[in-house]
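J.: For reference, the structure I am asking about is given below.
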Amino acid sequence: MAVIVSHGFAPNERGQIATMYWEAFGQKLGRVMGPAPRAITFIERVLDPTHALCARDTAGILLGVAGFKTYEGALVAGTWRDLARHYGWIGSTWRVGLLAMLERDTENERFLMDGVFVHENARGKGVGTLLLDAICDEARARGYKEVRLDVIDTNPRARALYERKGFVAGDDQELGPLKYIFGFKSATTMIRITSRMHPSHGRAT
């Protein structure tokens, strides 16, 4: 199957991407962001195409998405005010506190991948592998020498893919009592070296 990976997505793809995102991550976000229809509506609203790499077939059908995070934003980058529009002022207050527990900070040395997900009809066809390669290419083009991601302990298939693509496990972060909310006990940081630094590599602001 021929697959083309490119930056961004069209406005009419927002709903599909939000649904795919929820299918991939709803299991751990369900108790905080659910019910599903409300969560998908929120995600659709805050998606940022400038922080997305999308895989499509030659007919233009969306197959998968890899998001990344920078100092300028992220694939799903809603603010507290965005949450409040969908969940109310009280509902958004406790949600933003819990979601902050899952946040990973950007940094100068490592390019942060912020989720990769593939349509159910395209799984097992190498789309995820191509998106990981595209993320590493994006990191290299931006001058980063390493790519960083986090994988939860309940997703061994994803971890196996990352390891096959050269990612090496680093620190583990335990969730403690929050495991009963998010449905996993720990997340492992994984790193892949891309190449030498590029002179245009940016710095924190």
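The way I read the labels, and the way they are meant: chains A, B, ... in the order of the structure tokens, residue 1 as the first residue of every chain, and ligand 1 as the first ligand shown, with later ones counted on from there.
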Could you give me, as a VMD selection string, the residues within 8 Å of Arg45 (chain A), counting only C-alpha atoms and dropping anything in the same chain fewer than 3 positions from it?
T.: chain A and resid 14 41 to 42
J.: For the selection you just gave me, I'd like the residues written to a file as a PDB file, in the first residue's frame, keeping C-alpha atoms.
T.:
ATOM      1  CA  ARG A  14     -11.078  17.447  12.061  1.00  0.00           C
ATOM      2  CA  THR A  41     -16.279  17.598  20.276  1.00  0.00           C
ATOM      3  CA  PHE A  42     -13.695  19.230  22.525  1.00  0.00           C
TER       4      PHE A  42
END
J.: Tell me, as an NGL selection string, which residues lie within 9 Å of region 52-54 of chain A, counting only C-alpha atoms; anything in the same chain fewer than 2 positions away does not count.
T.: :A and (4-9 or 47-50 or 56 or 62-68 or 74-75 or 131 or 134-135)
J.: Can I get the selected residues back with N, CA and C atoms, as a compact mmCIF listing (two decimals), in the first residue's frame?
T.:
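As a result, selection-v3.txt now contains:
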# COMPACT_ATOMS: atom_id res chain seq x y z
N ILE A 4 1.45 8.32 1.74
CA ILE A 4 2.08 9.63 1.66
C ILE A 4 1.92 10.32 3.01
N VAL A 5 3.02 10.78 3.59
CA VAL A 5 2.98 11.50 4.87
C VAL A 5 3.25 12.97 4.61
N SER A 6 2.38 13.82 5.13
CA SER A 6 2.53 15.26 4.92
C SER A 6 2.12 16.03 6.17
N HIS A 7 2.44 17.31 6.18
CA HIS A 7 2.10 18.17 7.31
C HIS A 7 0.63 18.60 7.26
N GLY A 8 0.01 18.66 8.43
CA GLY A 8 -1.29 19.27 8.57
C GLY A 8 -2.46 18.46 8.05
N PHE A 9 -3.66 19.04 8.19
CA PHE A 9 -4.88 18.39 7.75
C PHE A 9 -5.90 19.46 7.38
N LEU A 47 -7.83 20.84 18.02
CA LEU A 47 -6.77 20.26 17.20
C LEU A 47 -5.99 21.35 16.46
N ASP A 48 -4.67 21.18 16.43
CA ASP A 48 -3.80 22.15 15.78
C ASP A 48 -3.09 21.48 14.60
N PRO A 49 -3.46 21.82 13.36
CA PRO A 49 -2.86 21.17 12.19
C PRO A 49 -1.37 21.45 12.02
N THR A 50 -0.87 22.53 12.64
CA THR A 50 0.56 22.83 12.52
C THR A 50 1.43 21.89 13.34
N ARG A 56 -1.70 9.38 4.43
CA ARG A 56 -2.86 9.14 3.56
C ARG A 56 -2.46 8.19 2.45
N LEU A 62 -7.40 9.41 4.79
CA LEU A 62 -6.60 9.53 6.01
C LEU A 62 -6.41 8.18 6.66
N LEU A 63 -5.16 7.83 6.94
CA LEU A 63 -4.82 6.53 7.52
C LEU A 63 -4.32 6.63 8.96
N GLY A 64 -3.64 7.71 9.27
CA GLY A 64 -3.08 7.85 10.60
C GLY A 64 -2.49 9.22 10.82
N VAL A 65 -2.21 9.51 12.10
CA VAL A 65 -1.70 10.83 12.49
C VAL A 65 -0.64 10.66 13.56
N ALA A 66 0.41 11.45 13.47
CA ALA A 66 1.39 11.58 14.55
C ALA A 66 1.41 13.04 14.98
N GLY A 67 1.21 13.27 16.27
CA GLY A 67 1.26 14.62 16.79
C GLY A 67 2.59 14.90 17.46
N PHE A 68 2.93 16.17 17.54
CA PHE A 68 4.14 16.54 18.26
C PHE A 68 3.89 17.83 19.03
N ALA A 74 0.71 22.17 20.47
CA ALA A 74 0.67 20.71 20.41
C ALA A 74 -0.52 20.29 19.56
N LEU A 75 -0.57 19.02 19.19
CA LEU A 75 -1.69 18.54 18.38
C LEU A 75 -3.01 18.79 19.08
N LEU A 131 4.92 6.84 10.14
CA LEU A 131 4.70 8.06 10.91
C LEU A 131 5.83 8.29 11.91
N ALA A 134 8.61 9.66 10.00
CA ALA A 134 8.33 11.06 9.66
C ALA A 134 8.59 11.99 10.85
N ILE A 135 8.25 11.53 12.05
CA ILE A 135 8.52 12.32 13.25
C ILE A 135 10.02 12.52 13.42
J.: Using only C-alpha atoms, which residues of region 62-142 of chain A come within 12 Å of region 167-173 of chain A, and what is the closest atom pair for each, with the distance in Å to one decimal? Give it as CSV, sorted by chain and residue number.
T.:
residue,atom,partner,partner_atom,distance
A:Met101,CA,A:Gln173,CA,10.6
A:Leu102,CA,A:Gln173,CA,10.1
A:Glu103,CA,A:Gln173,CA,11.8
A:Arg104,CA,A:Gln173,CA,11.1
A:Leu132,CA,A:Phe167,CA,10.3
A:Asp133,CA,A:Phe167,CA,11.4
A:Cys136,CA,A:Phe167,CA,10.8
J.: Please produce a file of those selected residues containing C-alpha atoms, as a PDB file, in the first residue's frame.
T.:
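As a result, part_24.pdb now contains:
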ATOM      1  CA  MET A 101      -0.453  15.025  35.604  1.00  0.00           C
ATOM      2  CA  LEU A 102      -0.043  13.580  32.096  1.00  0.00           C
ATOM      3  CA  GLU A 103       1.688  16.592  30.559  1.00  0.00           C
ATOM      4  CA  ARG A 104       5.253  16.291  29.304  1.00  0.00           C
ATOM      5  CA  LEU A 132       7.484   7.364  13.410  1.00  0.00           C
ATOM      6  CA  ASP A 133      10.038   7.795  10.639  1.00  0.00           C
ATOM      7  CA  CYS A 136      12.247  11.574  13.314  1.00  0.00           C
TER       8      CYS A 136
END
J.: Hey, what's within 10 Å of Ile40 (chain A) if we count only C-alpha atoms and toss same-chain stuff fewer than 4 positions away? As a short mmCIF file (atom, residue, chain, number, x, y, z; two decimals) with N, CA and C atoms, in the first residue's frame, please?
T.:
data_model
loop_
_atom_site.label_atom_id
_atom_site.label_comp_id
_atom_site.auth_asym_id
_atom_site.auth_seq_id
_atom_site.Cartn_x
_atom_site.Cartn_y
_atom_site.Cartn_z
N ARG A 14 -11.14 17.27 10.61
CA ARG A 14 -11.08 17.45 12.06
C ARG A 14 -11.89 16.40 12.82
N GLY A 15 -13.12 16.19 12.38
CA GLY A 15 -13.99 15.24 13.07
C GLY A 15 -13.43 13.84 13.06
N GLN A 16 -12.91 13.42 11.92
CA GLN A 16 -12.34 12.07 11.81
C GLN A 16 -11.11 11.93 12.70
N ILE A 17 -10.24 12.94 12.70
CA ILE A 17 -9.03 12.87 13.52
C ILE A 17 -9.38 12.85 15.00
N ALA A 18 -10.36 13.66 15.41
CA ALA A 18 -10.79 13.67 16.81
C ALA A 18 -11.32 12.30 17.22
N THR A 19 -12.09 11.67 16.34
CA THR A 19 -12.63 10.34 16.64
C THR A 19 -11.52 9.31 16.73
N MET A 20 -10.57 9.36 15.80
CA MET A 20 -9.43 8.44 15.83
C MET A 20 -8.60 8.63 17.09
N TYR A 21 -8.41 9.88 17.48
CA TYR A 21 -7.64 10.19 18.69
C TYR A 21 -8.32 9.57 19.91
N TRP A 22 -9.64 9.73 19.98
CA TRP A 22 -10.37 9.20 21.13
C TRP A 22 -10.35 7.68 21.14
N GLU A 23 -10.46 7.06 19.98
CA GLU A 23 -10.38 5.60 19.91
C GLU A 23 -9.03 5.09 20.40
N GLY A 26 -8.87 7.11 24.41
CA GLY A 26 -10.04 7.24 25.26
C GLY A 26 -10.03 6.33 26.46
N MET A 33 -12.19 12.92 30.60
CA MET A 33 -12.71 13.69 29.47
C MET A 33 -14.09 13.24 29.00
N GLY A 34 -14.51 12.05 29.40
CA GLY A 34 -15.78 11.54 28.92
C GLY A 34 -16.96 12.34 29.43
N PRO A 35 -18.16 12.07 28.87
CA PRO A 35 -18.48 11.00 27.92
C PRO A 35 -17.88 11.26 26.54
N ALA A 36 -17.81 10.20 25.75
CA ALA A 36 -17.11 10.24 24.47
C ALA A 36 -17.59 11.36 23.54
N GLU A 44 -11.96 17.94 18.71
CA GLU A 44 -12.12 18.47 17.35
C GLU A 44 -11.89 19.98 17.33
N ARG A 45 -12.36 20.65 18.35
CA ARG A 45 -12.26 22.11 18.40
C ARG A 45 -10.81 22.58 18.58
#
J.: Residues of region 24-113 of chain A classed as helix (DSSP H, G or I) by DSSP on the backbone are to be reported as a PyMOL selection string.
T.: chain A and resi 24-33+36-46+49-51+80-100
J.: Got a sec: who's within 7 Å of Glu174 (chain A), counting only C-alpha atoms, leaving out chain neighbours fewer than 3 positions off, as a PyMOL selection string?
T.: chain A and resi 185-187
J.: Output N, CA and C atoms for every residue in that selection, as a tab-separated table (two decimals), in the first residue's frame.
T.:
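Contents of out01.tsv, freshly written:
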chain	number	residue	atom	x	y	z
A	185	LYS	N	-0.45	2.01	35.30
A	185	LYS	CA	0.36	2.20	36.50
A	185	LYS	C	1.56	3.11	36.29
A	186	SER	N	2.14	3.06	35.08
A	186	SER	CA	3.36	3.83	34.85
A	186	SER	C	3.52	4.14	33.37
A	187	ALA	N	4.37	5.12	33.09
A	187	ALA	CA	4.72	5.48	31.72
A	187	ALA	C	6.24	5.53	31.62
J.: Quick one: residues within 12 Å of Gly124 (chain A), only C-alpha atoms counted, chain neighbours fewer than 6 positions away excluded, as a list of chain:residue names?
T.: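 Listing them by chain and then by number gives A:Met1, A:Leu63, A:Gly64, A:Phe117, A:Val118, A:Leu130, A:Arg157, A:Ala158, A:Leu161.
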J.: Could you please take those selected residues and save N, CA and C atoms as a PDB file, in the first residue's frame?
T.:
ATOM      1  N   MET A   1       0.841  -1.191   0.000  1.00  0.00           N
ATOM      2  CA  MET A   1       0.000   0.000   0.000  1.00  0.00           C
ATOM      3  C   MET A   1       0.878   1.244   0.000  1.00  0.00           C
ATOM      4  N   LEU A  63      -5.155   7.831   6.941  1.00  0.00           N
ATOM      5  CA  LEU A  63      -4.824   6.531   7.522  1.00  0.00           C
ATOM      6  C   LEU A  63      -4.323   6.633   8.955  1.00  0.00           C
ATOM      7  N   GLY A  64      -3.638   7.711   9.268  1.00  0.00           N
ATOM      8  CA  GLY A  64      -3.078   7.846  10.604  1.00  0.00           C
ATOM      9  C   GLY A  64      -2.492   9.220  10.823  1.00  0.00           C
ATOM     10  N   PHE A 117      -1.480   7.595  16.140  1.00  0.00           N
ATOM     11  CA  PHE A 117      -2.651   6.717  16.073  1.00  0.00           C
ATOM     12  C   PHE A 117      -3.009   6.456  14.623  1.00  0.00           C
ATOM     13  N   VAL A 118      -3.521   5.253  14.382  1.00  0.00           N
ATOM     14  CA  VAL A 118      -3.791   4.770  13.030  1.00  0.00           C
ATOM     15  C   VAL A 118      -5.231   4.293  12.951  1.00  0.00           C
ATOM     16  N   LEU A 130       5.809   4.309   9.383  1.00  0.00           N
ATOM     17  CA  LEU A 130       6.086   5.452   8.523  1.00  0.00           C
ATOM     18  C   LEU A 130       5.915   6.771   9.276  1.00  0.00           C
ATOM     19  N   ARG A 157       2.319  -3.460  22.755  1.00  0.00           N
ATOM     20  CA  ARG A 157       2.495  -3.498  21.302  1.00  0.00           C
ATOM     21  C   ARG A 157       3.148  -2.222  20.802  1.00  0.00           C
ATOM     22  N   ALA A 158       2.720  -1.088  21.354  1.00  0.00           N
ATOM     23  CA  ALA A 158       3.338   0.181  20.961  1.00  0.00           C
ATOM     24  C   ALA A 158       4.796   0.211  21.384  1.00  0.00           C
ATOM     25  N   LEU A 161       6.925  -1.725  19.025  1.00  0.00           N
ATOM     26  CA  LEU A 161       7.160  -0.992  17.782  1.00  0.00           C
ATOM     27  C   LEU A 161       8.244   0.062  17.975  1.00  0.00           C
TER      28      LEU A 161
END
J.: Tell me which protein, DNA and RNA residues are within 8 Å of Thr93 (chain A), counting only C-alpha atoms, leaving out same-chain ones fewer than 4 positions away, and put them as an MDAnalysis selection string.
T.: chainID A and resid 80 84 89 97
J.: Next, dump the selected residues to file, keeping only C-alpha atoms, as a PDB file, in the first residue's frame.
T.:
ATOM      1  CA  TRP A  80      -8.659  25.966  30.507  1.00  0.00           C
ATOM      2  CA  ALA A  84     -14.745  25.463  30.329  1.00  0.00           C
ATOM      3  CA  TRP A  89     -16.247  26.227  34.958  1.00  0.00           C
ATOM      4  CA  GLY A  97      -5.622  19.521  37.319  1.00  0.00           C
TER       5      GLY A  97
END
J.: Show me, as a list in words, the residues that have an atom within 12 Å of Ala2 (chain A) when counting only C-alpha atoms, minus same-chain residues fewer than 3 positions from it.
T.: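 Counting only C-alpha atoms, the residues come to Val5, Ala55, Arg56, Asp57, Thr58, Ala59, Gly60, Ile61, Leu63, Ala122, Lys125, Gly126, Val127 and Leu130 of chain A.
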J.: Write out, as an mmCIF file, in the first residue's frame, the residues just selected, with N, CA and C atoms.
T.:
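The result, stored in result.cif:
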data_model
loop_
_atom_site.group_PDB
_atom_site.id
_atom_site.type_symbol
_atom_site.label_atom_id
_atom_site.label_comp_id
_atom_site.auth_asym_id
_atom_site.auth_seq_id
_atom_site.Cartn_x
_atom_site.Cartn_y
_atom_site.Cartn_z
ATOM 1 N N VAL A 5 3.020 10.782 3.590
ATOM 2 C CA VAL A 5 2.982 11.497 4.868
ATOM 3 C C VAL A 5 3.251 12.972 4.609
ATOM 4 N N ALA A 55 -0.759 10.614 7.568
ATOM 5 C CA ALA A 55 -0.518 9.600 6.543
ATOM 6 C C ALA A 55 -1.808 9.358 5.763
ATOM 7 N N ARG A 56 -1.704 9.383 4.431
ATOM 8 C CA ARG A 56 -2.856 9.144 3.563
ATOM 9 C C ARG A 56 -2.461 8.187 2.449
ATOM 10 N N ASP A 57 -3.451 7.508 1.891
ATOM 11 C CA ASP A 57 -3.166 6.687 0.722
ATOM 12 C C ASP A 57 -3.189 7.568 -0.520
ATOM 13 N N THR A 58 -2.958 6.988 -1.667
ATOM 14 C CA THR A 58 -2.858 7.786 -2.897
ATOM 15 C C THR A 58 -4.192 8.411 -3.303
ATOM 16 N N ALA A 59 -5.290 7.923 -2.716
ATOM 17 C CA ALA A 59 -6.603 8.522 -2.984
ATOM 18 C C ALA A 59 -6.922 9.645 -2.011
ATOM 19 N N GLY A 60 -6.003 9.902 -1.076
ATOM 20 C CA GLY A 60 -6.219 10.976 -0.115
ATOM 21 C C GLY A 60 -6.952 10.561 1.138
ATOM 22 N N ILE A 61 -7.175 9.254 1.324
ATOM 23 C CA ILE A 61 -7.877 8.763 2.511
ATOM 24 C C ILE A 61 -6.946 8.809 3.708
ATOM 25 N N LEU A 63 -5.155 7.831 6.941
ATOM 26 C CA LEU A 63 -4.824 6.531 7.522
ATOM 27 C C LEU A 63 -4.323 6.633 8.955
ATOM 28 N N ALA A 122 -6.380 0.508 8.766
ATOM 29 C CA ALA A 122 -5.011 0.605 8.245
ATOM 30 C C ALA A 122 -3.978 0.007 9.192
ATOM 31 N N LYS A 125 -0.293 -2.401 8.666
ATOM 32 C CA LYS A 125 0.159 -2.198 7.284
ATOM 33 C C LYS A 125 1.359 -1.257 7.194
ATOM 34 N N GLY A 126 1.991 -1.014 8.323
ATOM 35 C CA GLY A 126 3.200 -0.203 8.322
ATOM 36 C C GLY A 126 2.988 1.286 8.422
ATOM 37 N N VAL A 127 1.747 1.724 8.637
ATOM 38 C CA VAL A 127 1.469 3.162 8.705
ATOM 39 C C VAL A 127 2.119 3.779 9.939
ATOM 40 N N LEU A 130 5.809 4.309 9.383
ATOM 41 C CA LEU A 130 6.086 5.452 8.523
ATOM 42 C C LEU A 130 5.915 6.771 9.276
#
J.: Identify which of the residues A:His51, A:Thr189, A:Arg159, A:Val96 lies closest to Glu138 (chain A), counting only C-alpha atoms when measuring atom-to-atom distances.
T.: A:His51
J.: Out of A:Tyr162, A:Val32, A:Glu72, A:Val147, which residue has the shortest atom-to-atom distance to Phe182 (chain A) when counting only C-alpha atoms?
T.: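 For Phe182 (chain A), the nearest of the candidates is A:Val32.
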J.: Counting only C-alpha atoms, which of A:Phe111, A:Val116, A:Leu99, A:Trp94 gets nearest to Ile191 (chain A)?
T.: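 Nearest candidate to Ile191 (chain A) out of A:Phe111, A:Val116, A:Leu99, A:Trp94: A:Phe111.
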J.: Suppose you want the space between CA of Thr106 (chain A) and CA of Lys69 (chain A); what is it in Å?
T.: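 Those two atoms sit 6.8 Å apart.
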J.: Let's see if you can do this: from backbone DSSP, list all strand (DSSP E) residues in region 5-203 of chain A, as JSON, numbers by chain.
T.: {"A": [5, 6, 7, 52, 53, 54, 55, 56, 57, 62, 63, 64, 65, 66, 67, 68, 69, 70, 73, 74, 110, 111, 112, 113, 114, 115, 116, 117, 118, 146, 147, 148, 149, 150, 151, 152, 168, 169, 170, 171, 172, 173, 174, 186, 187, 188, 189, 190, 191, 192, 193]}
J.: Considering only C-alpha atoms, state which residue in the set A:Ile43, A:Arg110, A:Tyr87, A:Ala100 is at the smallest distance from Thr70 (chain A).
T.: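 So, comparing all the options, the nearest one is A:Arg110.
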